[in-house]
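What's in input38.txt: compact mmCIF, C-alpha atoms and all ligand atoms
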# COMPACT_ATOMS: atom_id res chain seq x y z
CA MET A 1 -80.95 -50.58 -185.35
CA ILE A 2 -80.26 -50.07 -181.65
CA LYS A 3 -82.12 -52.63 -179.56
CA ALA A 4 -83.51 -51.09 -176.37
CA GLY A 5 -85.02 -52.54 -173.23
CA ILE A 6 -86.97 -50.43 -170.76
CA ILE A 7 -87.29 -51.64 -167.18
CA GLY A 8 -90.13 -49.71 -165.57
CA ALA A 9 -91.85 -49.17 -168.94
CA THR A 10 -95.23 -49.01 -167.20
CA GLY A 11 -94.38 -45.94 -165.09
CA TYR A 12 -94.75 -42.33 -166.20
CA ALA A 13 -91.08 -41.84 -167.04
CA GLY A 14 -90.88 -45.27 -168.72
CA GLY A 15 -94.10 -44.58 -170.62
CA GLU A 16 -92.66 -41.35 -171.94
CA LEU A 17 -89.54 -43.22 -173.03
CA VAL A 18 -91.76 -45.62 -174.97
CA ARG A 19 -93.48 -42.69 -176.68
CA LEU A 20 -90.18 -41.06 -177.65
CA LEU A 21 -88.41 -44.25 -178.71
CA LEU A 22 -91.33 -45.33 -180.91
CA GLY A 23 -90.66 -42.15 -182.88
CA HIS A 24 -86.89 -42.73 -183.04
CA LYS A 25 -85.85 -44.07 -186.43
CA ASP A 26 -82.75 -45.91 -185.16
CA VAL A 27 -84.28 -47.70 -182.17
CA GLU A 28 -86.37 -50.79 -181.72
CA ILE A 29 -87.91 -51.45 -178.30
CA LYS A 30 -87.36 -55.13 -177.47
CA TRP A 31 -88.44 -55.25 -173.84
CA TYR A 32 -91.26 -53.54 -172.00
CA GLY A 33 -90.28 -54.30 -168.42
CA SER A 34 -92.72 -54.30 -165.55
CA ARG A 35 -93.19 -55.80 -162.14
CA SER A 36 -97.00 -55.76 -161.81
CA TYR A 37 -98.12 -56.35 -165.42
CA ILE A 38 -95.95 -59.28 -166.58
CA ASP A 39 -97.51 -60.99 -169.65
CA LYS A 40 -100.19 -58.28 -170.00
CA LYS A 41 -100.29 -56.38 -173.27
CA TYR A 42 -98.51 -53.05 -172.91
CA SER A 43 -101.40 -51.38 -174.72
CA ASP A 44 -103.76 -52.69 -172.01
CA VAL A 45 -101.73 -50.74 -169.44
CA TYR A 46 -101.64 -47.63 -171.65
CA GLN A 47 -104.57 -47.64 -174.06
CA ASN A 48 -103.05 -44.72 -175.98
CA MET A 49 -100.70 -47.42 -177.34
CA PHE A 50 -103.63 -49.44 -178.79
CA GLN A 51 -102.70 -50.65 -182.30
CA ILE A 52 -99.31 -49.02 -181.89
CA VAL A 53 -97.58 -51.47 -179.52
CA ASP A 54 -98.48 -55.18 -179.67
CA ASP A 55 -95.86 -56.44 -177.25
CA ARG A 56 -96.53 -57.83 -173.82
CA CYS A 57 -94.84 -56.71 -170.63
CA MET A 58 -91.85 -58.74 -169.50
CA ASP A 59 -90.26 -59.07 -166.08
CA ASP A 60 -87.41 -56.90 -164.81
CA ASN A 61 -84.61 -59.46 -165.24
CA MET A 62 -81.64 -57.26 -166.11
CA GLU A 63 -79.22 -60.13 -166.58
CA GLU A 64 -81.37 -61.83 -169.21
CA LEU A 65 -82.14 -58.52 -170.88
CA ALA A 66 -78.44 -57.58 -171.09
CA GLY A 67 -77.83 -60.44 -173.55
CA GLN A 68 -80.60 -59.28 -175.87
CA VAL A 69 -80.29 -55.51 -176.24
CA ASP A 70 -77.72 -52.76 -176.76
CA VAL A 71 -79.09 -50.35 -174.17
CA ILE A 72 -81.16 -50.73 -171.02
CA PHE A 73 -83.12 -47.84 -169.56
CA THR A 74 -84.05 -48.27 -165.90
CA ALA A 75 -87.04 -46.05 -165.09
CA THR A 76 -87.49 -47.68 -161.72
CA PRO A 77 -87.56 -46.67 -158.06
CA GLN A 78 -84.41 -45.61 -156.24
CA GLY A 79 -82.17 -48.56 -155.39
CA PHE A 80 -83.36 -50.88 -158.17
CA CYS A 81 -80.55 -50.29 -160.68
CA ALA A 82 -77.82 -50.19 -158.05
CA GLY A 83 -79.10 -53.50 -156.72
CA LEU A 84 -78.67 -55.32 -160.02
CA VAL A 85 -75.87 -53.80 -162.06
CA THR A 86 -72.72 -55.93 -162.36
CA GLU A 87 -69.47 -55.81 -164.31
CA GLU A 88 -70.74 -58.62 -166.52
CA ILE A 89 -73.90 -56.69 -167.39
CA LEU A 90 -71.94 -53.51 -168.08
CA SER A 91 -69.56 -55.41 -170.34
CA LYS A 92 -72.50 -56.36 -172.56
CA VAL A 93 -74.81 -53.37 -172.56
CA LYS A 94 -75.07 -49.63 -171.92
CA ILE A 95 -77.23 -48.63 -168.99
CA ILE A 96 -79.07 -45.33 -168.69
CA ASP A 97 -80.50 -45.12 -165.20
CA LEU A 98 -83.30 -42.61 -164.68
CA SER A 99 -83.23 -43.01 -160.92
CA ALA A 100 -80.84 -41.25 -158.56
CA ASP A 101 -78.69 -44.31 -157.82
CA PHE A 102 -75.56 -43.06 -159.55
CA ARG A 103 -76.07 -39.29 -159.57
CA ILE A 104 -74.35 -38.43 -156.30
CA LYS A 105 -70.64 -39.14 -156.13
CA ASP A 106 -70.45 -39.36 -152.34
CA VAL A 107 -72.16 -42.59 -151.32
CA ASP A 108 -72.60 -41.38 -147.72
CA ILE A 109 -74.59 -38.39 -148.96
CA TYR A 110 -76.75 -40.67 -151.16
CA GLU A 111 -77.48 -43.00 -148.25
CA GLU A 112 -78.19 -40.12 -145.86
CA TRP A 113 -80.71 -38.41 -148.18
CA TYR A 114 -82.30 -41.49 -149.75
CA LYS A 115 -82.33 -43.57 -146.58
CA ILE A 116 -81.26 -46.70 -148.46
CA GLU A 117 -78.03 -48.62 -148.61
CA HIS A 118 -76.23 -48.31 -151.95
CA LYS A 119 -75.74 -51.83 -153.29
CA SER A 120 -73.02 -51.14 -155.88
CA PRO A 121 -70.92 -48.15 -154.83
CA GLU A 122 -68.05 -49.50 -156.93
CA PHE A 123 -69.78 -48.14 -160.07
CA ILE A 124 -70.50 -44.63 -158.77
CA GLY A 125 -67.11 -43.32 -159.87
CA GLU A 126 -67.55 -44.63 -163.40
CA ALA A 127 -71.11 -43.38 -163.89
CA VAL A 128 -71.38 -40.20 -165.94
CA TYR A 129 -73.86 -37.55 -164.84
CA GLY A 130 -75.84 -37.24 -168.05
CA LEU A 131 -76.47 -33.53 -168.24
CA CYS A 132 -75.53 -33.45 -171.92
CA GLU A 133 -75.07 -29.70 -172.27
CA ILE A 134 -72.36 -29.78 -169.61
CA ASN A 135 -70.88 -33.30 -169.73
CA ARG A 136 -71.24 -34.09 -173.44
CA GLU A 137 -67.75 -35.51 -174.00
CA GLN A 138 -67.86 -37.85 -170.98
CA VAL A 139 -71.32 -39.10 -172.00
CA ARG A 140 -70.03 -40.22 -175.40
CA GLY A 141 -67.73 -42.85 -173.90
CA ALA A 142 -69.92 -43.96 -171.01
CA ARG A 143 -71.20 -47.43 -170.14
CA LEU A 144 -73.36 -46.20 -167.27
CA ILE A 145 -75.30 -42.95 -167.30
CA ALA A 146 -76.85 -41.34 -164.25
CA ASN A 147 -79.70 -39.49 -165.91
CA PRO A 148 -80.13 -36.25 -163.93
CA GLY A 149 -83.12 -35.53 -161.71
CA CYS A 150 -85.91 -33.35 -163.01
CA TYR A 151 -85.54 -30.42 -160.59
CA PRO A 152 -81.71 -30.60 -160.77
CA THR A 153 -81.78 -30.44 -164.58
CA CYS A 154 -83.87 -27.28 -164.64
CA SER A 155 -82.09 -25.69 -161.67
CA THR A 156 -78.56 -26.46 -162.82
CA LEU A 157 -79.06 -25.28 -166.39
CA SER A 158 -80.68 -22.04 -165.16
CA VAL A 159 -77.97 -21.11 -162.66
CA TYR A 160 -74.81 -22.77 -164.07
CA PRO A 161 -73.53 -20.01 -166.42
CA LEU A 162 -73.59 -17.29 -163.77
CA LEU A 163 -71.78 -19.44 -161.22
CA LYS A 164 -69.22 -20.61 -163.73
CA GLU A 165 -68.47 -17.00 -164.68
CA GLY A 166 -68.28 -15.94 -161.03
CA LEU A 167 -71.06 -13.35 -161.24
CA ILE A 168 -73.08 -14.57 -158.24
CA ASP A 169 -72.21 -15.39 -154.65
CA PRO A 170 -72.45 -19.23 -154.46
CA ASN A 171 -73.69 -19.22 -150.89
CA THR A 172 -76.70 -16.99 -151.43
CA ILE A 173 -78.68 -19.22 -153.81
CA ILE A 174 -82.35 -19.92 -153.14
CA ILE A 175 -84.28 -22.11 -155.57
CA ASP A 176 -88.05 -22.12 -155.53
CA ALA A 177 -89.51 -24.85 -157.74
CA LYS A 178 -92.91 -26.06 -158.91
CA SER A 179 -93.75 -29.38 -160.48
CA GLY A 180 -96.74 -31.00 -162.13
CA THR A 181 -98.07 -34.16 -160.53
CA SER A 182 -96.62 -36.61 -163.07
CA GLY A 183 -93.31 -35.86 -161.34
CA ALA A 184 -94.51 -38.02 -158.46
CA GLY A 185 -95.00 -41.09 -160.67
CA ARG A 186 -98.00 -43.29 -161.37
CA GLY A 187 -98.13 -45.09 -158.06
CA ALA A 188 -101.23 -44.39 -155.95
CA LYS A 189 -100.55 -41.92 -153.14
CA VAL A 190 -103.09 -39.96 -151.10
CA ASP A 191 -101.11 -36.73 -151.53
CA ASN A 192 -101.55 -37.01 -155.29
CA LEU A 193 -105.29 -37.69 -155.40
CA TYR A 194 -107.38 -35.30 -157.50
CA CYS A 195 -108.99 -33.62 -154.49
CA GLU A 196 -105.64 -33.12 -152.80
CA VAL A 197 -103.95 -31.57 -155.85
CA ASN A 198 -106.69 -29.82 -157.83
CA GLU A 199 -107.24 -26.11 -156.96
CA ASN A 200 -104.37 -26.40 -154.52
CA ILE A 201 -100.65 -25.64 -154.24
CA LYS A 202 -98.36 -26.87 -151.54
CA ALA A 203 -94.69 -26.90 -150.64
CA TYR A 204 -93.16 -30.24 -149.70
CA GLY A 205 -89.76 -31.58 -148.74
CA VAL A 206 -88.94 -28.17 -147.28
CA ALA A 207 -85.25 -28.06 -146.28
CA SER A 208 -85.13 -31.82 -146.79
CA HIS A 209 -85.84 -32.65 -150.44
CA ARG A 210 -83.51 -35.34 -151.85
CA HIS A 211 -82.68 -33.23 -154.89
CA THR A 212 -80.92 -30.65 -152.72
CA PRO A 213 -77.57 -32.49 -152.53
CA GLU A 214 -77.71 -33.29 -156.25
CA ILE A 215 -78.16 -29.63 -157.15
CA GLU A 216 -75.51 -28.59 -154.63
CA GLU A 217 -73.03 -31.07 -156.11
CA GLN A 218 -73.59 -29.99 -159.71
CA LEU A 219 -73.54 -26.27 -158.95
CA GLY A 220 -70.51 -26.88 -156.73
CA TYR A 221 -68.59 -28.09 -159.79
CA ALA A 222 -69.53 -24.87 -161.60
CA ALA A 223 -68.50 -22.68 -158.66
CA GLY A 224 -65.33 -24.65 -157.92
CA GLN A 225 -66.28 -24.83 -154.26
CA GLU A 226 -68.79 -26.51 -151.96
CA ILE A 227 -72.22 -24.95 -152.02
CA ARG A 228 -75.10 -24.90 -149.58
CA LEU A 229 -78.43 -23.66 -150.91
CA ASN A 230 -82.13 -23.60 -150.13
CA PHE A 231 -84.36 -25.66 -152.41
CA THR A 232 -88.13 -25.67 -151.96
CA PRO A 233 -90.34 -27.66 -154.34
CA HIS A 234 -94.09 -27.17 -154.68
CA LEU A 235 -96.71 -29.47 -156.13
CA VAL A 236 -99.05 -27.68 -158.54
CA PRO A 237 -102.28 -28.82 -160.17
CA MET A 238 -101.03 -29.62 -163.66
CA ASN A 239 -99.93 -32.85 -165.31
CA ARG A 240 -96.49 -31.92 -166.59
CA GLY A 241 -93.96 -29.19 -166.21
CA ILE A 242 -91.36 -27.74 -163.89
CA LEU A 243 -90.78 -24.07 -163.26
CA ILE A 244 -87.88 -22.87 -161.18
CA THR A 245 -87.22 -19.37 -159.87
CA ALA A 246 -83.75 -18.98 -158.38
CA TYR A 247 -82.35 -16.02 -156.48
CA ALA A 248 -78.72 -15.08 -155.74
CA SER A 249 -76.72 -12.02 -154.74
CA LEU A 250 -74.62 -10.45 -157.46
CA LYS A 251 -70.93 -10.07 -156.66
CA ARG A 252 -70.80 -6.75 -158.51
CA GLU A 253 -72.91 -4.47 -160.64
CA VAL A 254 -73.79 -6.05 -163.99
CA SER A 255 -75.76 -4.96 -167.04
CA TYR A 256 -78.46 -6.91 -168.87
CA GLU A 257 -76.16 -7.16 -171.90
CA GLU A 258 -73.30 -8.61 -169.87
CA VAL A 259 -75.44 -11.33 -168.29
CA LYS A 260 -77.16 -12.11 -171.58
CA ALA A 261 -73.74 -12.56 -173.20
CA VAL A 262 -72.85 -15.05 -170.46
CA TYR A 263 -75.98 -17.15 -171.07
CA ASP A 264 -75.36 -16.97 -174.81
CA LYS A 265 -71.76 -18.10 -174.34
CA TYR A 266 -73.00 -21.36 -172.81
CA TYR A 267 -76.23 -21.95 -174.68
CA GLU A 268 -76.13 -20.22 -178.07
CA LYS A 269 -75.15 -23.48 -179.77
CA GLU A 270 -77.35 -25.68 -177.59
CA GLN A 271 -80.40 -26.82 -179.45
CA PHE A 272 -82.41 -27.72 -176.35
CA VAL A 273 -81.69 -24.70 -174.16
CA ARG A 274 -83.49 -21.57 -175.29
CA VAL A 275 -82.43 -18.27 -173.73
CA LEU A 276 -85.57 -16.17 -174.02
CA GLU A 277 -85.70 -12.54 -175.05
CA LYS A 278 -85.41 -9.66 -172.59
CA ASP A 279 -88.14 -9.58 -169.90
CA VAL A 280 -89.83 -12.75 -171.17
CA CYS A 281 -90.42 -15.17 -168.29
CA PRO A 282 -90.35 -18.91 -169.06
CA GLN A 283 -93.65 -20.79 -168.92
CA THR A 284 -94.22 -24.53 -168.67
CA LYS A 285 -96.74 -24.44 -171.53
CA TRP A 286 -94.07 -23.22 -173.92
CA VAL A 287 -92.01 -26.40 -173.46
CA GLU A 288 -94.67 -29.04 -172.85
CA GLY A 289 -94.07 -32.34 -174.64
CA SER A 290 -90.66 -31.18 -175.89
CA ASN A 291 -87.02 -31.55 -174.85
CA TYR A 292 -86.52 -27.80 -174.48
CA VAL A 293 -85.48 -25.95 -171.36
CA ASP A 294 -86.34 -22.26 -171.52
CA VAL A 295 -84.22 -19.99 -169.33
CA ASN A 296 -84.04 -16.29 -168.60
CA PHE A 297 -83.03 -13.84 -165.87
CA LYS A 298 -83.86 -10.45 -164.43
CA ILE A 299 -81.48 -8.18 -162.56
CA ASP A 300 -82.89 -6.45 -159.48
CA PRO A 301 -80.57 -3.45 -158.87
CA ARG A 302 -82.57 -2.49 -155.75
CA THR A 303 -81.60 -5.67 -153.87
CA LYS A 304 -78.41 -6.32 -155.87
CA ARG A 305 -79.75 -9.78 -156.61
CA ILE A 306 -80.46 -11.61 -159.82
CA ILE A 307 -83.48 -13.81 -160.47
CA MET A 308 -82.88 -16.81 -162.73
CA MET A 309 -85.80 -18.71 -164.23
CA GLY A 310 -86.21 -22.00 -166.04
CA ALA A 311 -89.06 -24.10 -167.41
CA MET A 312 -89.10 -27.61 -168.87
CA ASP A 313 -91.22 -30.73 -169.15
CA ASN A 314 -90.31 -33.02 -166.26
CA LEU A 315 -91.06 -36.16 -168.28
CA VAL A 316 -89.10 -35.08 -171.36
CA LYS A 317 -85.95 -33.02 -170.66
CA GLY A 318 -86.40 -33.94 -166.99
CA ALA A 319 -86.42 -37.69 -167.66
CA ALA A 320 -87.09 -39.58 -170.92
CA GLY A 321 -85.96 -36.92 -173.41
CA GLN A 322 -82.68 -36.42 -171.63
CA ALA A 323 -82.24 -40.21 -171.49
CA VAL A 324 -82.70 -40.41 -175.28
CA GLN A 325 -80.28 -37.48 -175.72
CA ASN A 326 -77.73 -39.46 -173.70
CA MET A 327 -78.39 -42.59 -175.76
CA ASN A 328 -77.87 -40.63 -179.00
CA LEU A 329 -74.50 -39.36 -177.77
CA ILE A 330 -73.35 -42.80 -176.62
CA PHE A 331 -74.20 -44.42 -179.94
CA GLY A 332 -72.79 -41.61 -182.08
CA LEU A 333 -76.17 -40.51 -183.45
CA PRO A 334 -77.19 -36.87 -183.98
CA GLU A 335 -77.98 -35.61 -180.48
CA ASN A 336 -81.46 -34.48 -181.48
CA GLU A 337 -82.53 -37.72 -183.21
CA GLY A 338 -86.06 -38.58 -182.08
CA LEU A 339 -86.23 -35.41 -180.00
CA MET A 340 -87.61 -32.85 -182.43
CA GLN A 341 -91.07 -32.65 -180.85
CA VAL A 342 -92.53 -29.17 -181.10
CA PRO A 343 -93.97 -27.99 -177.75
CA MET A 344 -97.74 -28.42 -177.60
CA PHE A 345 -99.99 -25.44 -176.85
CA PRO A 346 -102.44 -24.84 -175.24
N1 LIG B 401 -91.83 -38.84 -163.06
C1 LIG B 401 -90.86 -37.98 -163.34
O1 LIG B 401 -91.10 -36.82 -163.72
C2 LIG B 401 -89.43 -38.38 -163.21
C3 LIG B 401 -89.05 -39.60 -162.74
N2 LIG B 401 -87.72 -39.92 -162.63
C4 LIG B 401 -87.28 -41.19 -162.06
O2 LIG B 401 -87.69 -42.26 -162.89
C5 LIG B 401 -87.95 -43.39 -162.08
C6 LIG B 401 -89.39 -43.83 -162.35
O3 LIG B 401 -90.24 -42.78 -161.96
P1 LIG B 401 -91.77 -42.71 -162.38
O4 LIG B 401 -91.93 -43.19 -163.75
O5 LIG B 401 -92.21 -41.37 -162.02
O6 LIG B 401 -92.39 -43.77 -161.37
P2 LIG B 401 -93.69 -44.68 -161.53
O7 LIG B 401 -94.11 -45.00 -160.16
O8 LIG B 401 -94.65 -44.03 -162.44
O9 LIG B 401 -93.13 -45.98 -162.24
C7 LIG B 401 -92.28 -46.88 -161.60
C8 LIG B 401 -91.94 -48.02 -162.53
O10 LIG B 401 -91.04 -48.91 -161.88
C9 LIG B 401 -91.64 -50.20 -161.75
N3 LIG B 401 -91.39 -50.68 -160.38
C10 LIG B 401 -92.00 -50.31 -159.25
N4 LIG B 401 -91.44 -50.92 -158.19
C11 LIG B 401 -90.47 -51.68 -158.67
C12 LIG B 401 -89.54 -52.53 -158.08
N5 LIG B 401 -89.50 -52.71 -156.77
N6 LIG B 401 -88.68 -53.15 -158.89
C13 LIG B 401 -88.72 -52.99 -160.22
N7 LIG B 401 -89.58 -52.18 -160.85
C14 LIG B 401 -90.44 -51.53 -160.07
C15 LIG B 401 -93.11 -50.02 -161.99
O11 LIG B 401 -93.58 -51.20 -162.57
P3 LIG B 401 -95.07 -51.75 -162.40
O12 LIG B 401 -95.94 -50.57 -162.11
O13 LIG B 401 -95.35 -52.39 -163.70
O14 LIG B 401 -95.00 -52.71 -161.28
C16 LIG B 401 -93.13 -48.85 -162.96
O15 LIG B 401 -92.92 -49.31 -164.27
C17 LIG B 401 -87.71 -43.00 -160.63
O16 LIG B 401 -86.42 -43.33 -160.23
C18 LIG B 401 -87.86 -41.49 -160.68
O17 LIG B 401 -87.15 -40.88 -159.66
C19 LIG B 401 -86.75 -39.05 -163.03
C20 LIG B 401 -87.07 -37.81 -163.51
C21 LIG B 401 -88.43 -37.37 -163.61
C1 LIG B 402 -93.81 -33.81 -157.97
C2 LIG B 402 -92.88 -34.82 -157.36
O1 LIG B 402 -93.22 -35.51 -156.43
N1 LIG B 402 -91.67 -34.90 -157.88
C3 LIG B 402 -90.67 -35.84 -157.43
C4 LIG B 402 -89.39 -35.61 -158.17
C5 LIG B 402 -89.38 -36.26 -159.49
C6 LIG B 402 -88.58 -37.50 -159.53
O2 LIG B 402 -89.06 -38.49 -159.97
O3 LIG B 402 -87.34 -37.50 -159.02
P1 LIG B 402 -86.01 -37.73 -159.82
O4 LIG B 402 -85.90 -36.64 -160.79
O5 LIG B 402 -84.95 -37.72 -158.76
O6 LIG B 402 -85.96 -39.05 -160.43
C7 LIG B 402 -90.30 -35.63 -155.98
O7 LIG B 402 -90.35 -34.52 -155.49
O8 LIG B 402 -89.86 -36.62 -155.38
Rewrite the structure from the file as structure tokens, please.
Ligand SMILES: NC(=O)C1=CN([C@@H]2O[C@H](COP(=O)(O)OP(=O)(O)OC[C@H]3O[C@@H](n4cnc5c(N)ncnc54)[C@H](OP(=O)(O)O)[C@@H]3O)[C@@H](O)[C@H]2O)C=CC1
Ligand SMILES: CC(=O)N[C@@H](CCC(=O)OP(=O)(O)O)C(=O)O
Amino acid sequence: MIKAGIIGATGYAGGELVRLLLGHKDVEIKWYGSRSYIDKKYSDVYQNMFQIVDDRCMDDNMEELAGQVDVIFTATPQGFCAGLVTEEILSKVKIIDLSADFRIKDVDIYEEWYKIEHKSPEFIGEAVYGLCEINREQVRGARLIANPGCYPTCSTLSVYPLLKEGLIDPNTIIIDAKSGTSGAGRGAKVDNLYCEVNENIKAYGVASHRHTPEIEEQLGYAAGQEIRLNFTPHLVPMNRGILITAYASLKREVSYEEVKAVYDKYYEKEQFVRVLEKDVCPQTKWVEGSNYVDVNFKIDPRTKRIIMMGAMDNLVKGAAGQAVQNMNLIFGLPENEGLMQVPMFP
């Protein structure tokens, strides 16, 4: 049995990790970490866990936890993991960090976009960006995983094949994204109140969202050159789900069959990336509660552009599901263990 500790188990991403790990046959959750609910029963924080989880919440002492478990998930605010990780901790335990602390390789870019000082830049080089479909081999040997951001996961997987195959002009990419409100976490914020979100849709972080450099870095690796792109997220009145619509100029004329073959080349063998059939546009409902990312594309010969689309559940493939996928790879388990949830509908 793999012993797991979750720091930030009382947040939305941590809560989803609890749900997934309770259904994982090779994992036992040993530590439900919290800052505000120490000693409270976890099922008092989340009543859906009544008679399922009897444990009480513990503190967020990573050093103590490292001696008791095989893997620590940090589903905590930006800066938390980087502030605590040490060589001694990493010599004892694997860390899968759901925050952005180790996602961006250039510490100056991280500090510029996140407006916080990085407390352990010495581990950035070692951390593996845990986008399993692309970095599978590096994930297997990792001690420290930077679990990708929700928007970057959906955006990168949707655009990656066409950049890698040189079919689109890297400097013409525009990504329009929508997210359900759970993406903003459980903390109380006026912007996320029912009356602010219900029957409403709004852009935010325009030309300044912190996921922009993460997406640029990952797509830059695919293109083999630096990329600058526009990324505009929107908050939509639903609980879960991310939908991205990306636009780019084609470098030359292409057929549907040619582009489809490119997507199939990268994803045919990927269990969690579904390339939809011709003219079918991804929908968040089709992936809700599951680890799937649905992708598709449409060529617009009139504008010589291509529209790439992706949908996934921000809390599953965008956070907890991807974290479990990384854990499975690190511990040599089948990659889909504990991740076979069928999408719920309606
Ligand atoms: N929500 C999402 O869709 C996604 C989230 N993530 C990332 O996962 C992480 C958690 O996000 P999310 O679950 O949404 O956030 P929440 O606000 O819902 O949860 C935050 C968690 O961190 C704990 N916490 C808060 N402040 C501190 C602190 N100063 N030190 C230690 N623990 C603290 C909270 O504990 P308590 O409340 O008990 O005090 C809570 O368990 C973030 O880094 C986020 O960027 C990544 C991908 C998607
Ligand atoms: C709707 C909403 O507010 N979404 C969050 C992103 C989700 C998240 O938690 O960010 P990471 O994926 O980097 O961890 C935001 O825009 O900041």
Interatomic distance (Å, one decimal) between atom CA of A:Tyr37 and atom CA of A:Gly321
24.3 Å
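With all atoms listed in the file as the atoms that count, the minimum distance from A:Ala75 to the choices A:Asp176, A:Glu111, A:Glu122, A:Asp60 is reached by A:Asp60.
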Exercise answer, 6 Å around ligand LIG 402 (chain B) with only C-alpha atoms and all ligand atoms, as a PyMOL selection string
chain A and resi 99-100+149-150+179-181+183-184+235
Would you pick out the contacts of A:Cys81 at 8 Å or less, using only C-alpha atoms, so that residues sharing its chain but fewer than 5 positions from it are not included, and give the list as a PDB file with C-alpha atoms, in the frame of the given file?
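And here's part-v2.pdb as it stands now:
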ATOM      1  CA  THR A  74     -84.050 -48.270-165.900  1.00  0.00           C
ATOM      2  CA  THR A  76     -87.490 -47.680-161.720  1.00  0.00           C
ATOM      3  CA  ASP A  97     -80.500 -45.120-165.200  1.00  0.00           C
ATOM      4  CA  SER A  99     -83.230 -43.010-160.920  1.00  0.00           C
ATOM      5  CA  ASP A 101     -78.690 -44.310-157.820  1.00  0.00           C
TER       6      ASP A 101
END
Give the residue list for ligand LIG 401 (chain B) at 6 Å, counting only C-alpha atoms and all ligand atoms, as a VMD selection string, sorted by chain and then by residue number.
chain A and resid 8 to 14 34 to 37 75 to 78 80 98 to 99 149 to 150 182 to 187 314 to 315 318 to 319
In terms of the shortest atom-to-atom distance over all atoms listed in the file, which of A:Ala246, A:Ala320, A:Ala142, A:Met327 is closest to A:Lys298?
A:Ala246
Give me, please, the distance in Å between atom CA of A:Glu112 and atom CA of A:Gly79, quoted to one decimal.
13.3 Å
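Minimum atom-to-atom distances from A:Thr153, A:Ser158, A:Thr284, A:Asn326 to A:Tyr266 were compared using only C-alpha atoms, and the lowest value belongs to A:Ser158.
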Residue contacts of A:Ile52 (9 Å, all atoms listed in the file) excluding same-chain residues fewer than 2 positions away, as a ChimeraX atom specification
/A:22,43,48-50,54
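Here atom CA of A:Lys3 and atom CA of A:Ile38 stand 20.1 Å from one another.
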Using only C-alpha atoms: which of A:Gly83, A:Pro343, A:Pro152, A:Pro213 has the shortest distance to A:Pro121
A:Gly83
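Shortest atom-to-atom contact with A:Ile175 among A:Tyr247, A:Tyr204, A:Tyr256, A:Trp113: A:Tyr247, counting all atoms listed in the file.
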Neighbours of A:Thr212 within 8 Å (only C-alpha atoms; same-chain residues fewer than 5 positions away dropped), as a PyMOL selection string?
chain A and resi 229-231
Enclose stretch 106-110 of chain A, meaning all of its atoms listed in the file, in a box aligned along x, y and z, pad it by 4 Å on each side, and list the centre and edge lengths in Å to one decimal, as JSON.
{"center_x": -73.6, "center_y": -40.5, "center_z": -150.0, "size_x": 14.3, "size_y": 12.2, "size_z": 12.6}
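Counting only C-alpha atoms, the residue from A:Asp26, A:Glu258, A:Asp70, A:Glu199 that sits nearest to A:Lys94 is A:Asp70.
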Give me, as a compact mmCIF listing (two decimals) with C-alpha atoms, keeping the file's coordinate frame, all polymer residues having an atom no more than 9 Å from A:Asn171, counting all atoms listed in the file and skipping those fewer than 2 positions away in the same chain.
# COMPACT_ATOMS: atom_id res chain seq x y z
CA ILE A 168 -73.08 -14.57 -158.24
CA ASP A 169 -72.21 -15.39 -154.65
CA ILE A 173 -78.68 -19.22 -153.81
CA ILE A 174 -82.35 -19.92 -153.14
CA GLU A 226 -68.79 -26.51 -151.96
CA ILE A 227 -72.22 -24.95 -152.02
CA ARG A 228 -75.10 -24.90 -149.58
CA LEU A 229 -78.43 -23.66 -150.91
CA ALA A 248 -78.72 -15.08 -155.74
CA SER A 249 -76.72 -12.02 -154.74
Spatial neighbours of A:Ile124, max dist 12 Å, all atoms listed in the file, sep filter under 4 positions, as a list of chain:residue names:
A:Cys81, A:Ala82, A:Val85, A:Asp97, A:Ala100, A:Asp101, A:Phe102, A:Arg103, A:Ile104, A:Lys105, A:Asp106, A:Val107, A:Asp108, A:Tyr110, A:His118, A:Lys119, A:Ser120, A:Val128, A:Tyr129, A:Arg143, A:Leu144, A:Ile145, A:Ala146
Counting all atoms listed in the file, note down every residue that has an atom within 9 Å of the point (-88.8, -27.9, -165.8) (file coordinates), as a ChimeraX atom specification.
/A:150-151,153-155,177-179,240-244,284,287,292-294,310-315,317-318
Please list, as a ChimeraX atom specification, the residues that have an atom at most 9 Å away from (-90.1, -14.5, -168.7) in the coordinates of this file, counting all atoms listed in the file.
/A:276-283,295-298,309-310
